[in-house]
Every structure is written in C-alpha cells, then in structure tokens.
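Text of the file data_15.csv, holding CSV, C-alpha atoms:
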chain,number,residue,atom,x,y,z
A,7,ASP,CA,89.3,5.8,23.6
A,8,THR,CA,92.3,7.4,21.8
A,9,GLY,CA,90.3,10.0,19.8
A,10,VAL,CA,89.7,13.7,20.4
A,11,SER,CA,87.6,14.3,23.5
A,12,GLN,CA,85.7,17.4,24.4
A,13,ASP,CA,84.2,18.4,27.7
A,14,PRO,CA,81.4,19.1,28.5
A,15,ARG,CA,79.2,17.7,25.8
A,16,HIS,CA,76.5,20.2,26.6
A,17,LYS,CA,76.5,23.5,28.4
A,18,ILE,CA,73.5,25.7,29.2
A,19,THR,CA,74.3,29.1,30.6
A,20,LYS,CA,72.7,32.5,31.2
A,21,ARG,CA,73.7,35.5,29.1
A,22,GLY,CA,76.6,37.4,30.7
A,23,GLN,CA,78.2,34.3,32.3
A,24,ASN,CA,81.6,33.0,31.4
A,25,VAL,CA,82.1,29.4,30.1
A,26,THR,CA,85.1,27.3,29.5
A,27,PHE,CA,85.4,24.3,27.2
A,28,ARG,CA,88.2,21.7,27.2
A,29,CYS,CA,89.7,19.7,24.4
A,30,ASP,CA,92.1,16.8,24.6
A,31,PRO,CA,93.5,16.0,21.2
A,32,ILE,CA,95.0,12.7,20.0
A,33,SER,CA,98.2,12.4,22.0
A,34,GLU,CA,100.8,12.5,19.3
A,35,HIS,CA,99.1,15.3,17.3
A,36,ASN,CA,100.9,18.7,17.4
A,37,ARG,CA,98.1,20.8,15.8
A,38,LEU,CA,94.9,21.7,17.5
A,39,TYR,CA,91.9,23.6,16.0
A,40,TRP,CA,88.8,25.2,17.3
A,41,TYR,CA,85.7,25.6,15.1
A,42,ARG,CA,82.2,26.8,15.6
A,43,GLN,CA,79.1,25.4,13.9
A,44,THR,CA,75.6,26.6,13.8
A,45,LEU,CA,72.6,24.8,12.4
A,46,GLY,CA,72.6,24.6,8.6
A,47,GLN,CA,76.1,25.9,8.3
A,48,GLY,CA,79.5,24.3,7.9
A,49,PRO,CA,82.1,24.6,10.7
A,50,GLU,CA,83.7,28.0,10.9
A,51,PHE,CA,87.4,28.3,11.8
A,52,LEU,CA,88.1,30.1,15.1
A,53,THR,CA,91.8,29.5,15.9
A,54,TYR,CA,94.6,26.9,15.8
A,55,PHE,CA,97.7,25.9,17.6
A,56,GLN,CA,100.9,24.3,16.6
A,57,ASN,CA,102.2,22.8,19.8
A,58,GLU,CA,101.6,25.6,22.4
A,59,ALA,CA,101.8,28.4,19.9
A,60,GLN,CA,98.6,30.0,18.8
A,61,LEU,CA,99.4,30.6,15.1
A,62,GLU,CA,96.2,32.0,13.8
A,63,LYS,CA,92.9,33.6,15.0
A,64,SER,CA,89.8,34.2,12.9
A,65,ARG,CA,88.1,37.6,12.8
A,66,LEU,CA,85.2,35.7,14.3
A,67,LEU,CA,87.1,35.4,17.5
A,68,SER,CA,86.1,38.6,19.4
A,69,ASP,CA,88.0,39.8,22.4
A,70,ARG,CA,85.5,37.9,24.6
A,71,PHE,CA,87.0,34.6,23.3
A,72,SER,CA,90.3,33.3,24.4
A,73,ALA,CA,92.0,30.0,23.7
A,74,GLU,CA,95.1,28.5,25.3
A,75,ARG,CA,97.2,25.4,24.9
A,76,PRO,CA,99.7,25.8,27.7
A,77,LYS,CA,101.7,22.7,27.4
A,78,GLY,CA,101.0,21.8,23.8
A,79,SER,CA,98.6,19.1,24.9
A,80,PHE,CA,95.0,19.9,25.9
A,81,SER,CA,93.4,23.2,25.1
A,82,THR,CA,90.8,25.4,26.6
A,83,LEU,CA,88.4,27.8,24.9
A,84,GLU,CA,86.9,30.5,27.2
A,85,ILE,CA,84.0,32.8,26.3
A,86,GLN,CA,83.5,35.7,28.6
A,87,ARG,CA,80.2,37.6,29.0
A,88,THR,CA,78.3,35.1,26.8
A,89,GLU,CA,75.7,36.4,24.4
A,90,GLN,CA,72.8,34.6,22.8
A,91,GLY,CA,74.6,34.7,19.5
A,92,ASP,CA,77.4,32.5,21.0
A,93,SER,CA,75.0,29.6,21.0
A,94,ALA,CA,76.5,27.0,18.7
A,95,MET,CA,78.4,23.7,18.6
A,96,TYR,CA,82.1,24.2,19.4
A,97,LEU,CA,84.2,21.6,17.7
A,98,CYS,CA,87.8,20.8,18.4
A,99,ALA,CA,90.0,18.9,16.0
A,100,SER,CA,93.6,17.8,15.9
A,101,SER,CA,96.1,16.7,13.3
A,102,SER,CA,99.8,15.8,13.0
A,103,ASN,CA,102.0,17.8,10.7
A,104,ARG,CA,105.4,17.0,12.1
A,105,GLY,CA,108.4,17.7,9.8
A,106,THR,CA,107.7,19.3,6.5
A,107,ARG,CA,104.5,21.1,5.7
A,108,SER,CA,101.9,18.6,4.5
A,109,THR,CA,99.3,19.5,1.9
A,110,ASN,CA,97.0,16.7,2.8
A,111,GLU,CA,96.3,17.2,6.5
A,112,LYS,CA,93.6,15.0,7.9
A,113,LEU,CA,91.7,16.5,10.8
A,114,PHE,CA,90.2,14.3,13.5
A,115,PHE,CA,87.2,16.0,15.2
A,116,GLY,CA,85.9,15.6,18.7
A,117,SER,CA,82.1,15.3,19.3
A,118,GLY,CA,81.8,18.9,20.2
A,119,THR,CA,80.4,21.0,23.0
A,120,GLN,CA,76.9,22.3,22.4
A,121,LEU,CA,76.5,25.7,24.0
A,122,SER,CA,73.1,27.2,24.7
A,123,VAL,CA,73.0,30.8,26.0
A,124,LEU,CA,69.6,31.7,27.5
B,21,ARG,CA,81.0,35.8,-2.3
B,22,LYS,CA,81.5,32.8,0.1
B,23,GLU,CA,85.0,31.2,-0.2
B,24,VAL,CA,83.5,27.8,-0.6
B,25,GLU,CA,80.0,27.3,-2.1
B,26,GLN,CA,78.1,24.1,-2.5
B,27,ASP,CA,74.9,23.0,-4.2
B,28,PRO,CA,71.9,23.8,-2.2
B,29,GLY,CA,70.2,20.7,-0.8
B,30,PRO,CA,68.6,18.6,0.3
B,31,PHE,CA,69.0,15.8,-2.3
B,32,ASN,CA,66.4,13.1,-1.8
B,33,VAL,CA,67.2,10.0,-3.9
B,34,PRO,CA,66.1,6.4,-4.0
B,35,GLU,CA,68.5,3.6,-3.0
B,36,GLY,CA,70.7,2.7,-5.9
B,37,ALA,CA,70.7,6.1,-7.5
B,38,THR,CA,73.8,8.0,-8.6
B,39,VAL,CA,74.1,11.4,-7.1
B,40,ALA,CA,76.6,14.2,-7.7
B,41,PHE,CA,77.6,17.1,-5.5
B,42,ASN,CA,79.3,20.2,-6.8
B,43,CYS,CA,81.4,22.8,-5.1
B,44,THR,CA,83.2,25.9,-6.1
B,45,TYR,CA,86.0,27.8,-4.3
B,46,SER,CA,87.1,31.4,-4.7
B,47,ASN,CA,90.7,31.4,-3.7
B,48,SER,CA,92.9,30.4,-6.6
B,49,ALA,CA,95.8,29.8,-4.2
B,50,SER,CA,94.0,27.0,-2.4
B,51,GLN,CA,96.1,23.9,-2.4
B,52,SER,CA,94.3,21.0,-0.8
B,53,PHE,CA,90.7,19.8,-1.1
B,54,PHE,CA,88.6,17.3,0.8
B,55,TRP,CA,85.1,16.0,1.2
B,56,TYR,CA,83.9,15.5,4.8
B,57,ARG,CA,80.8,13.7,5.8
B,58,GLN,CA,78.8,14.8,8.8
B,59,ASP,CA,75.9,12.7,10.3
B,60,CYS,CA,73.1,14.4,12.1
B,61,ARG,CA,74.4,15.8,15.5
B,62,LYS,CA,77.8,14.2,15.0
B,63,GLU,CA,81.2,15.5,14.2
B,64,PRO,CA,82.6,15.8,10.6
B,65,LYS,CA,84.7,12.9,9.4
B,66,LEU,CA,87.0,12.9,6.4
B,67,LEU,CA,85.4,11.0,3.5
B,68,MET,CA,88.2,11.5,1.0
B,69,SER,CA,90.9,13.9,-0.2
B,70,VAL,CA,90.6,15.2,-3.7
B,71,TYR,CA,93.6,15.0,-6.0
B,72,SER,CA,94.2,16.8,-9.2
B,73,SER,CA,94.0,13.7,-11.3
B,74,GLY,CA,90.7,12.6,-9.7
B,75,ASN,CA,90.4,9.7,-7.3
B,76,GLU,CA,88.0,6.9,-6.5
B,77,ASP,CA,87.3,5.1,-3.3
B,78,GLY,CA,84.7,2.3,-3.9
B,79,ARG,CA,81.4,3.9,-4.9
B,80,PHE,CA,82.8,7.4,-4.3
B,81,THR,CA,84.6,9.5,-7.0
B,82,ALA,CA,86.1,12.9,-6.4
B,83,GLN,CA,87.3,15.3,-9.1
B,84,LEU,CA,89.1,18.6,-9.1
B,85,ASN,CA,89.2,21.2,-11.9
B,86,ARG,CA,91.7,23.9,-10.8
B,87,ALA,CA,91.1,26.0,-13.9
B,88,SER,CA,87.4,26.3,-13.0
B,89,GLN,CA,88.0,26.2,-9.3
B,90,TYR,CA,85.5,23.4,-9.1
B,91,ILE,CA,85.3,20.2,-7.0
B,92,SER,CA,82.8,17.3,-7.4
B,93,LEU,CA,81.8,14.2,-5.5
B,94,LEU,CA,79.9,11.4,-7.2
B,95,ILE,CA,78.2,8.6,-5.3
B,96,ARG,CA,77.2,5.5,-7.2
B,97,ASP,CA,74.7,2.9,-6.1
B,98,SER,CA,73.7,5.0,-3.1
B,99,LYS,CA,72.9,3.2,0.2
B,100,LEU,CA,70.6,4.2,3.0
B,101,SER,CA,73.7,4.6,5.1
B,102,ASP,CA,75.0,7.3,2.8
B,103,SER,CA,72.3,9.7,4.2
B,104,ALA,CA,74.3,12.5,5.7
B,105,THR,CA,75.6,16.0,5.0
B,106,TYR,CA,78.5,16.3,2.7
B,107,LEU,CA,80.9,19.1,3.3
B,108,CYS,CA,83.3,20.5,0.7
B,109,VAL,CA,86.5,21.6,2.3
B,110,VAL,CA,89.4,23.7,1.0
B,111,MET,CA,92.7,24.3,2.7
B,112,ASN,CA,94.6,27.5,2.0
B,113,TYR,CA,98.4,27.8,2.5
B,114,GLY,CA,98.9,31.3,1.1
B,115,GLY,CA,99.0,33.9,3.8
B,116,SER,CA,97.0,31.6,6.1
B,117,GLN,CA,99.0,28.8,7.7
B,118,GLY,CA,96.7,25.8,7.3
B,119,ASN,CA,93.1,26.3,8.2
B,120,LEU,CA,90.3,24.5,6.6
B,121,ILE,CA,87.4,26.4,5.0
B,122,PHE,CA,84.2,24.5,5.0
B,123,GLY,CA,81.2,24.9,2.8
B,124,LYS,CA,77.7,24.9,4.2
B,125,GLY,CA,77.2,21.3,3.2
B,126,THR,CA,74.7,19.5,1.1
B,127,LYS,CA,72.3,17.2,2.8
B,128,LEU,CA,71.6,13.8,1.2
B,129,SER,CA,68.7,11.6,2.1
B,130,VAL,CA,68.6,8.2,0.5
B,131,LYS,CA,65.2,6.6,0.7
B,132,PRO,CA,64.3,2.9,0.4

Exercise: express the given structure as structure tokens:
Amino acid sequence: DTGVSQDPRHKITKRGQNVTFRCDPISEHNRLYWYRQTLGQGPEFLTYFQNEAQLEKSRLLSDRFSAERPKGSFSTLEIQRTEQGDSAMYLCASSSNRGTRSTNEKLFFGSGTQLSVL
Amino acid sequence: RKEVEQDPGPFNVPEGATVAFNCTYSNSASQSFFWYRQDCRKEPKLLMSVYSSGNEDGRFTAQLNRASQYISLLIRDSKLSDSATYLCVVMNYGGSQGNLIFGKGTKLSVKP
C-alpha cells in the first residue's frame, strides 16, 4: 500500500494520559499536514510541515500538543495530559509541492486515528 | 463568521435527481478551491478542483464566483453511490502558507 498510513486506527485512553500518533506519508511527498475532525464538523487544520520544518501551527494547537517530523519522512503527533475535549479523529495528509508554489495542491489523507478520552 | 460556510444538510434526493450544493468563503485573498467527498467513517478524498472558468467532470460541475465569494457543486443524475458528505475547501496563500480550510460539509443521501 503506497498511500498515507496512520497508526493506531483507534486509541482509547484515560484523561490525563499522554498519547502519540504516527503518520507515514506517501514517500515522495514533501508536505505533511495534521487535522482534527469531530462529528458533524469538517476537518480543522492543526499544523503542517514542509520536509522537516514545521511551517505553521493553528491556534487550536495548545501547548499540550506537539508534532514532529524529524527526518522529513514520518511524523508524530503527541498529546500530553489528554482531556475529554481531545476526543476526535486525527487525520494526517500529505502532498507534493516541489519546486514553485502550486495553487492546486491535492492532499491525500490517511484513514485517521480515532481518539477517545474517557 | 466562519471562513467557509456551506448549505445545511442533509439533502435527501431520489436517484436520478439533480442536486446543487453552495458554499461561501470570507477571505477574498483565497486562491484555490476544491470539493472533497467524505464517506461515513472514512477519510476525505478530493472530488474536484474548482477553476475560475467553471469545470465539469462527468456528472459533476463546479463553479466559482470570485466577486460573490461563492462556490457551487452540481450533481446530475445522482446515483446511490453519490451518498456521502461533500466538503467545500478553500486554500489561502496570503499570510498563511498553504493550509486548507474545510467547511462543515453537506450530507447527501440518495434514495432508490
């Protein structure tokens, strides 16, 4: 499978615990995005990387959230001291924008990690 | 005001019907526009980009009106398999380097 893969698919945790999600983008893609989606809402942007550089973070990304992409390939999203309000689907997406800036950037999404905080 | 607003759903239509979804965006500097489709409990997938001149892909037609900051998607001869949530998506390049802003989505249910 050469698509975007996310692990785990589901995570159930107790409030106050830390969780970490992993995303493996399509191998030649230089951009990687994290989104969060709750029921009845569209995906909300959290952060994105171009290669290993984290270029933008949303105001939604509190200091309990941290994302890394150490070698410009896979990425991790960690949530510390989870709260019930963190329960959501966390989606990763990747795209390629090598060279000049594209105005028609197609994102490929992974299947997401469904987080439930009890 | 939300940056991307869509018609409230759900739309329940019979097979073969024509259905139209509307979307408005608030940032006049927005440069790229898309429709994504999301099946229940699945990830969003790109349905089509939206070009200034309007574009068509089979039964699907997308249109953009920059003056009114309005995007539309028309589905003709709807099929049962078109049942999904349709997400209007805007990409901003102004101060923000390339993140997609999604609308809440409009749910379509096509009935036999």

Exercise. So which residues fall inside 12 Å of (74.2, 26.2, 12.0) if we count only C-alpha atoms? Mind giving them as a PyMOL selection string?
Worked result: (chain A and resi 41-50+91-96+120) or (chain B and resi 60-61+123-125)

Please produce, as a Markdown table, a per-residue contact table for chain B versus chain A (criterion: any atom at most 12 Å away, only C-alpha atoms considered), showing the nearest atom pair and its distance in Å to one decimal, sorted by chain then residue number.
| residue | atom | partner | partner_atom | distance |
| --- | --- | --- | --- | --- |
| B:Lys22 | CA | A:Gly48 | CA | 11.7 |
| B:Glu23 | CA | A:Glu50 | CA | 11.6 |
| B:Val24 | CA | A:Gly48 | CA | 10.0 |
| B:Glu25 | CA | A:Gly48 | CA | 10.5 |
| B:Gln26 | CA | A:Gly48 | CA | 10.5 |
| B:Pro28 | CA | A:Gly46 | CA | 10.9 |
| B:Gly29 | CA | A:Gly46 | CA | 10.5 |
| B:Pro30 | CA | A:Gly46 | CA | 11.0 |
| B:Ser50 | CA | A:Thr109 | CA | 10.1 |
| B:Gln51 | CA | A:Thr109 | CA | 6.9 |
| B:Ser52 | CA | A:Thr109 | CA | 5.9 |
| B:Phe53 | CA | A:Asn110 | CA | 8.0 |
| B:Phe54 | CA | A:Asn110 | CA | 8.7 |
| B:Trp55 | CA | A:Lys112 | CA | 10.9 |
| B:Tyr56 | CA | A:Leu113 | CA | 9.9 |
| B:Arg57 | CA | A:Gly48 | CA | 10.9 |
| B:Gln58 | CA | A:Gly48 | CA | 9.6 |
| B:Asp59 | CA | A:Ser117 | CA | 11.2 |
| B:Cys60 | CA | A:Leu45 | CA | 10.4 |
| B:Arg61 | CA | A:Ser117 | CA | 8.6 |
| B:Lys62 | CA | A:Ser117 | CA | 6.2 |
| B:Glu63 | CA | A:Ser117 | CA | 5.2 |
| B:Pro64 | CA | A:Phe115 | CA | 6.5 |
| B:Lys65 | CA | A:Phe114 | CA | 7.0 |
| B:Leu66 | CA | A:Lys112 | CA | 7.1 |
| B:Leu67 | CA | A:Lys112 | CA | 10.1 |
| B:Met68 | CA | A:Lys112 | CA | 9.4 |
| B:Ser69 | CA | A:Asn110 | CA | 7.4 |
| B:Val70 | CA | A:Asn110 | CA | 9.2 |
| B:Tyr71 | CA | A:Asn110 | CA | 9.6 |
| B:Thr105 | CA | A:Gly48 | CA | 9.6 |
| B:Tyr106 | CA | A:Gly48 | CA | 9.6 |
| B:Leu107 | CA | A:Gly48 | CA | 7.1 |
| B:Cys108 | CA | A:Gly48 | CA | 9.0 |
| B:Val109 | CA | A:Gly48 | CA | 9.4 |
| B:Val110 | CA | A:Asn110 | CA | 10.5 |
| B:Met111 | CA | A:Thr109 | CA | 8.2 |
| B:Asn112 | CA | A:Thr109 | CA | 9.3 |
| B:Tyr113 | CA | A:Thr109 | CA | 8.4 |
| B:Gly114 | CA | A:Thr109 | CA | 11.8 |
| B:Gly115 | CA | A:Glu62 | CA | 10.6 |
| B:Ser116 | CA | A:Glu62 | CA | 7.8 |
| B:Gln117 | CA | A:Glu62 | CA | 7.4 |
| B:Gly118 | CA | A:Glu111 | CA | 8.6 |
| B:Asn119 | CA | A:Phe51 | CA | 7.0 |
| B:Leu120 | CA | A:Phe51 | CA | 7.1 |
| B:Ile121 | CA | A:Phe51 | CA | 7.1 |
| B:Phe122 | CA | A:Gly48 | CA | 5.5 |
| B:Gly123 | CA | A:Gly48 | CA | 5.4 |
| B:Lys124 | CA | A:Gly48 | CA | 4.2 |
| B:Gly125 | CA | A:Gly48 | CA | 6.0 |
| B:Thr126 | CA | A:Gly46 | CA | 9.3 |
| B:Lys127 | CA | A:Gly46 | CA | 9.4 |

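Across the structure, atom CA of Gln89 of chain B and atom CA of Tyr45 of chain B are spaced 5.6 Å apart.
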
For this session: Please measure the separation of atom CA of Arg65 of chain A and atom CA of His16 of chain A, giving the value in Å to one decimal.
Result: 25.1 Å

For this session: Figure out the distance between atom CA of Ile95 of chain B and atom CA of Ala40 of chain B, please, to one decimal in Å.
Result: 6.3 Å

Padded axis-aligned box of segment 87-97 of chain B (5 Å per side), centre and edge lengths, Å, one decimal, as JSON:
{"center_x": 82.9, "center_y": 14.6, "center_z": -9.6, "size_x": 26.4, "size_y": 33.4, "size_z": 18.6}

Exercise. Between A:Thr82, A:Gln23, A:Ser101, A:Asn57, which one has atoms that come closest to Val10 of chain A, using all atoms listed in the file?
Worked result: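 Nearest to Val10 of chain A: A:Ser101.
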
Seminar exercise, completed: From the list B:Glu35, B:Asp77, B:Asp97, B:Asp27, the nearest residue to Lys131 of chain B using all atoms listed in the file is B:Glu35

Problem set entry | Within 12 Å of Lys20 of chain A using all atoms listed in the file, minus same-chain residues under 2 positions, as a ChimeraX atom specification | /A:17-18,22-25,86-90,92-93,121-124

Include C-alpha atoms and write out the residues we just selected as a tab-separated table (two decimals), keeping the file's coordinate frame.
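What ended up in part-v7.tsv:
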chain	number	residue	atom	x	y	z
A	17	LYS	CA	76.50	23.50	28.40
A	18	ILE	CA	73.50	25.70	29.20
A	22	GLY	CA	76.60	37.40	30.70
A	23	GLN	CA	78.20	34.30	32.30
A	24	ASN	CA	81.60	33.00	31.40
A	25	VAL	CA	82.10	29.40	30.10
A	86	GLN	CA	83.50	35.70	28.60
A	87	ARG	CA	80.20	37.60	29.00
A	88	THR	CA	78.30	35.10	26.80
A	89	GLU	CA	75.70	36.40	24.40
A	90	GLN	CA	72.80	34.60	22.80
A	92	ASP	CA	77.40	32.50	21.00
A	93	SER	CA	75.00	29.60	21.00
A	121	LEU	CA	76.50	25.70	24.00
A	122	SER	CA	73.10	27.20	24.70
A	123	VAL	CA	73.00	30.80	26.00
A	124	LEU	CA	69.60	31.70	27.50

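You can rank B:Cys43, B:Leu94, B:Val33, B:Leu100 by their closest distance to Phe80 of chain B using all atoms listed in the file, and at the top of that list sits B:Leu94.
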
Grab segment 80-92 of chain B from that structure and dump all heavy atoms to a file, as a PDB file, in the first residue's frame.
ATOM      1  N   PHE B  80     -20.563  15.810 -12.611  1.00  0.00           N
ATOM      2  CA  PHE B  80     -20.256  16.836 -11.620  1.00  0.00           C
ATOM      3  C   PHE B  80     -19.784  18.125 -12.295  1.00  0.00           C
ATOM      4  O   PHE B  80     -18.921  18.088 -13.162  1.00  0.00           O
ATOM      5  CB  PHE B  80     -19.158  16.340 -10.666  1.00  0.00           C
ATOM      6  CG  PHE B  80     -19.550  15.127  -9.890  1.00  0.00           C
ATOM      7  CD1 PHE B  80     -19.432  13.858 -10.441  1.00  0.00           C
ATOM      8  CD2 PHE B  80     -20.038  15.242  -8.600  1.00  0.00           C
ATOM      9  CE1 PHE B  80     -19.800  12.728  -9.729  1.00  0.00           C
ATOM     10  CE2 PHE B  80     -20.411  14.110  -7.874  1.00  0.00           C
ATOM     11  CZ  PHE B  80     -20.295  12.852  -8.437  1.00  0.00           C
ATOM     12  N   THR B  81     -20.386  19.250 -11.862  1.00  0.00           N
ATOM     13  CA  THR B  81     -19.973  20.554 -12.376  1.00  0.00           C
ATOM     14  C   THR B  81     -19.689  21.479 -11.206  1.00  0.00           C
ATOM     15  O   THR B  81     -20.523  21.612 -10.305  1.00  0.00           O
ATOM     16  CB  THR B  81     -21.075  21.178 -13.252  1.00  0.00           C
ATOM     17  OG1 THR B  81     -21.359  20.321 -14.343  1.00  0.00           O
ATOM     18  CG2 THR B  81     -20.633  22.545 -13.773  1.00  0.00           C
ATOM     19  N   ALA B  82     -18.519  22.095 -11.235  1.00  0.00           N
ATOM     20  CA  ALA B  82     -18.146  23.027 -10.172  1.00  0.00           C
ATOM     21  C   ALA B  82     -18.031  24.422 -10.757  1.00  0.00           C
ATOM     22  O   ALA B  82     -17.574  24.598 -11.890  1.00  0.00           O
ATOM     23  CB  ALA B  82     -16.815  22.612  -9.548  1.00  0.00           C
ATOM     24  N   GLN B  83     -18.460  25.411  -9.978  1.00  0.00           N
ATOM     25  CA  GLN B  83     -18.363  26.797 -10.441  1.00  0.00           C
ATOM     26  C   GLN B  83     -17.859  27.681  -9.314  1.00  0.00           C
ATOM     27  O   GLN B  83     -18.101  27.408  -8.136  1.00  0.00           O
ATOM     28  CB  GLN B  83     -19.722  27.283 -10.929  1.00  0.00           C
ATOM     29  CG  GLN B  83     -20.174  26.572 -12.201  1.00  0.00           C
ATOM     30  CD  GLN B  83     -21.333  27.276 -12.879  1.00  0.00           C
ATOM     31  OE1 GLN B  83     -22.285  27.625 -12.206  1.00  0.00           O
ATOM     32  NE2 GLN B  83     -21.240  27.460 -14.176  1.00  0.00           N
ATOM     33  N   LEU B  84     -17.187  28.752  -9.721  1.00  0.00           N
ATOM     34  CA  LEU B  84     -16.611  29.704  -8.779  1.00  0.00           C
ATOM     35  C   LEU B  84     -17.020  31.108  -9.198  1.00  0.00           C
ATOM     36  O   LEU B  84     -16.902  31.461 -10.370  1.00  0.00           O
ATOM     37  CB  LEU B  84     -15.081  29.583  -8.786  1.00  0.00           C
ATOM     38  CG  LEU B  84     -14.274  30.676  -8.101  1.00  0.00           C
ATOM     39  CD1 LEU B  84     -14.524  30.692  -6.602  1.00  0.00           C
ATOM     40  CD2 LEU B  84     -12.778  30.492  -8.395  1.00  0.00           C
ATOM     41  N   ASN B  85     -17.476  31.891  -8.247  1.00  0.00           N
ATOM     42  CA  ASN B  85     -17.773  33.302  -8.476  1.00  0.00           C
ATOM     43  C   ASN B  85     -16.945  34.103  -7.483  1.00  0.00           C
ATOM     44  O   ASN B  85     -17.300  34.224  -6.302  1.00  0.00           O
ATOM     45  CB  ASN B  85     -19.267  33.565  -8.279  1.00  0.00           C
ATOM     46  CG  ASN B  85     -19.640  35.014  -8.595  1.00  0.00           C
ATOM     47  OD1 ASN B  85     -18.870  35.934  -8.328  1.00  0.00           O
ATOM     48  ND2 ASN B  85     -20.818  35.206  -9.164  1.00  0.00           N
ATOM     49  N   ARG B  86     -15.809  34.622  -7.946  1.00  0.00           N
ATOM     50  CA  ARG B  86     -14.885  35.323  -7.035  1.00  0.00           C
ATOM     51  C   ARG B  86     -15.500  36.617  -6.506  1.00  0.00           C
ATOM     52  O   ARG B  86     -15.283  36.996  -5.370  1.00  0.00           O
ATOM     53  CB  ARG B  86     -13.571  35.634  -7.744  1.00  0.00           C
ATOM     54  CG  ARG B  86     -12.678  34.425  -7.917  1.00  0.00           C
ATOM     55  CD  ARG B  86     -11.321  34.849  -8.451  1.00  0.00           C
ATOM     56  NE  ARG B  86     -10.472  33.708  -8.720  1.00  0.00           N
ATOM     57  CZ  ARG B  86      -9.656  33.162  -7.824  1.00  0.00           C
ATOM     58  NH1 ARG B  86      -9.589  33.654  -6.595  1.00  0.00           N
ATOM     59  NH2 ARG B  86      -8.901  32.122  -8.142  1.00  0.00           N
ATOM     60  N   ALA B  87     -16.285  37.293  -7.324  1.00  0.00           N
ATOM     61  CA  ALA B  87     -16.871  38.567  -6.898  1.00  0.00           C
ATOM     62  C   ALA B  87     -17.808  38.349  -5.708  1.00  0.00           C
ATOM     63  O   ALA B  87     -17.838  39.137  -4.765  1.00  0.00           O
ATOM     64  CB  ALA B  87     -17.614  39.215  -8.057  1.00  0.00           C
ATOM     65  N   SER B  88     -18.572  37.277  -5.761  1.00  0.00           N
ATOM     66  CA  SER B  88     -19.517  36.967  -4.679  1.00  0.00           C
ATOM     67  C   SER B  88     -18.915  36.045  -3.638  1.00  0.00           C
ATOM     68  O   SER B  88     -19.576  35.738  -2.629  1.00  0.00           O
ATOM     69  CB  SER B  88     -20.776  36.314  -5.243  1.00  0.00           C
ATOM     70  OG  SER B  88     -21.379  37.153  -6.202  1.00  0.00           O
ATOM     71  N   GLN B  89     -17.692  35.546  -3.888  1.00  0.00           N
ATOM     72  CA  GLN B  89     -17.018  34.622  -2.978  1.00  0.00           C
ATOM     73  C   GLN B  89     -17.909  33.404  -2.735  1.00  0.00           C
ATOM     74  O   GLN B  89     -18.214  33.055  -1.582  1.00  0.00           O
ATOM     75  CB  GLN B  89     -16.614  35.342  -1.683  1.00  0.00           C
ATOM     76  CG  GLN B  89     -15.579  36.421  -1.951  1.00  0.00           C
ATOM     77  CD  GLN B  89     -15.152  37.198  -0.715  1.00  0.00           C
ATOM     78  OE1 GLN B  89     -14.727  38.342  -0.830  1.00  0.00           O
ATOM     79  NE2 GLN B  89     -15.259  36.614   0.443  1.00  0.00           N
ATOM     80  N   TYR B  90     -18.248  32.782  -3.823  1.00  0.00           N
ATOM     81  CA  TYR B  90     -19.251  31.713  -3.824  1.00  0.00           C
ATOM     82  C   TYR B  90     -18.778  30.565  -4.709  1.00  0.00           C
ATOM     83  O   TYR B  90     -18.246  30.777  -5.803  1.00  0.00           O
ATOM     84  CB  TYR B  90     -20.540  32.341  -4.367  1.00  0.00           C
ATOM     85  CG  TYR B  90     -21.665  31.422  -4.707  1.00  0.00           C
ATOM     86  CD1 TYR B  90     -22.657  31.134  -3.788  1.00  0.00           C
ATOM     87  CD2 TYR B  90     -21.779  30.890  -5.984  1.00  0.00           C
ATOM     88  CE1 TYR B  90     -23.721  30.320  -4.112  1.00  0.00           C
ATOM     89  CE2 TYR B  90     -22.835  30.068  -6.325  1.00  0.00           C
ATOM     90  CZ  TYR B  90     -23.804  29.795  -5.381  1.00  0.00           C
ATOM     91  OH  TYR B  90     -24.859  28.984  -5.710  1.00  0.00           O
ATOM     92  N   ILE B  91     -18.973  29.344  -4.209  1.00  0.00           N
ATOM     93  CA  ILE B  91     -18.582  28.143  -4.944  1.00  0.00           C
ATOM     94  C   ILE B  91     -19.793  27.218  -4.984  1.00  0.00           C
ATOM     95  O   ILE B  91     -20.557  27.161  -4.013  1.00  0.00           O
ATOM     96  CB  ILE B  91     -17.435  27.417  -4.214  1.00  0.00           C
ATOM     97  CG1 ILE B  91     -16.267  28.360  -3.954  1.00  0.00           C
ATOM     98  CG2 ILE B  91     -16.944  26.209  -4.998  1.00  0.00           C
ATOM     99  CD1 ILE B  91     -15.382  27.899  -2.806  1.00  0.00           C
ATOM    100  N   SER B  92     -19.951  26.505  -6.072  1.00  0.00           N
ATOM    101  CA  SER B  92     -21.074  25.573  -6.145  1.00  0.00           C
ATOM    102  C   SER B  92     -20.630  24.239  -6.720  1.00  0.00           C
ATOM    103  O   SER B  92     -19.608  24.140  -7.405  1.00  0.00           O
ATOM    104  CB  SER B  92     -22.207  26.155  -6.991  1.00  0.00           C
ATOM    105  OG  SER B  92     -21.808  26.263  -8.338  1.00  0.00           O
TER     106      SER B  92
END
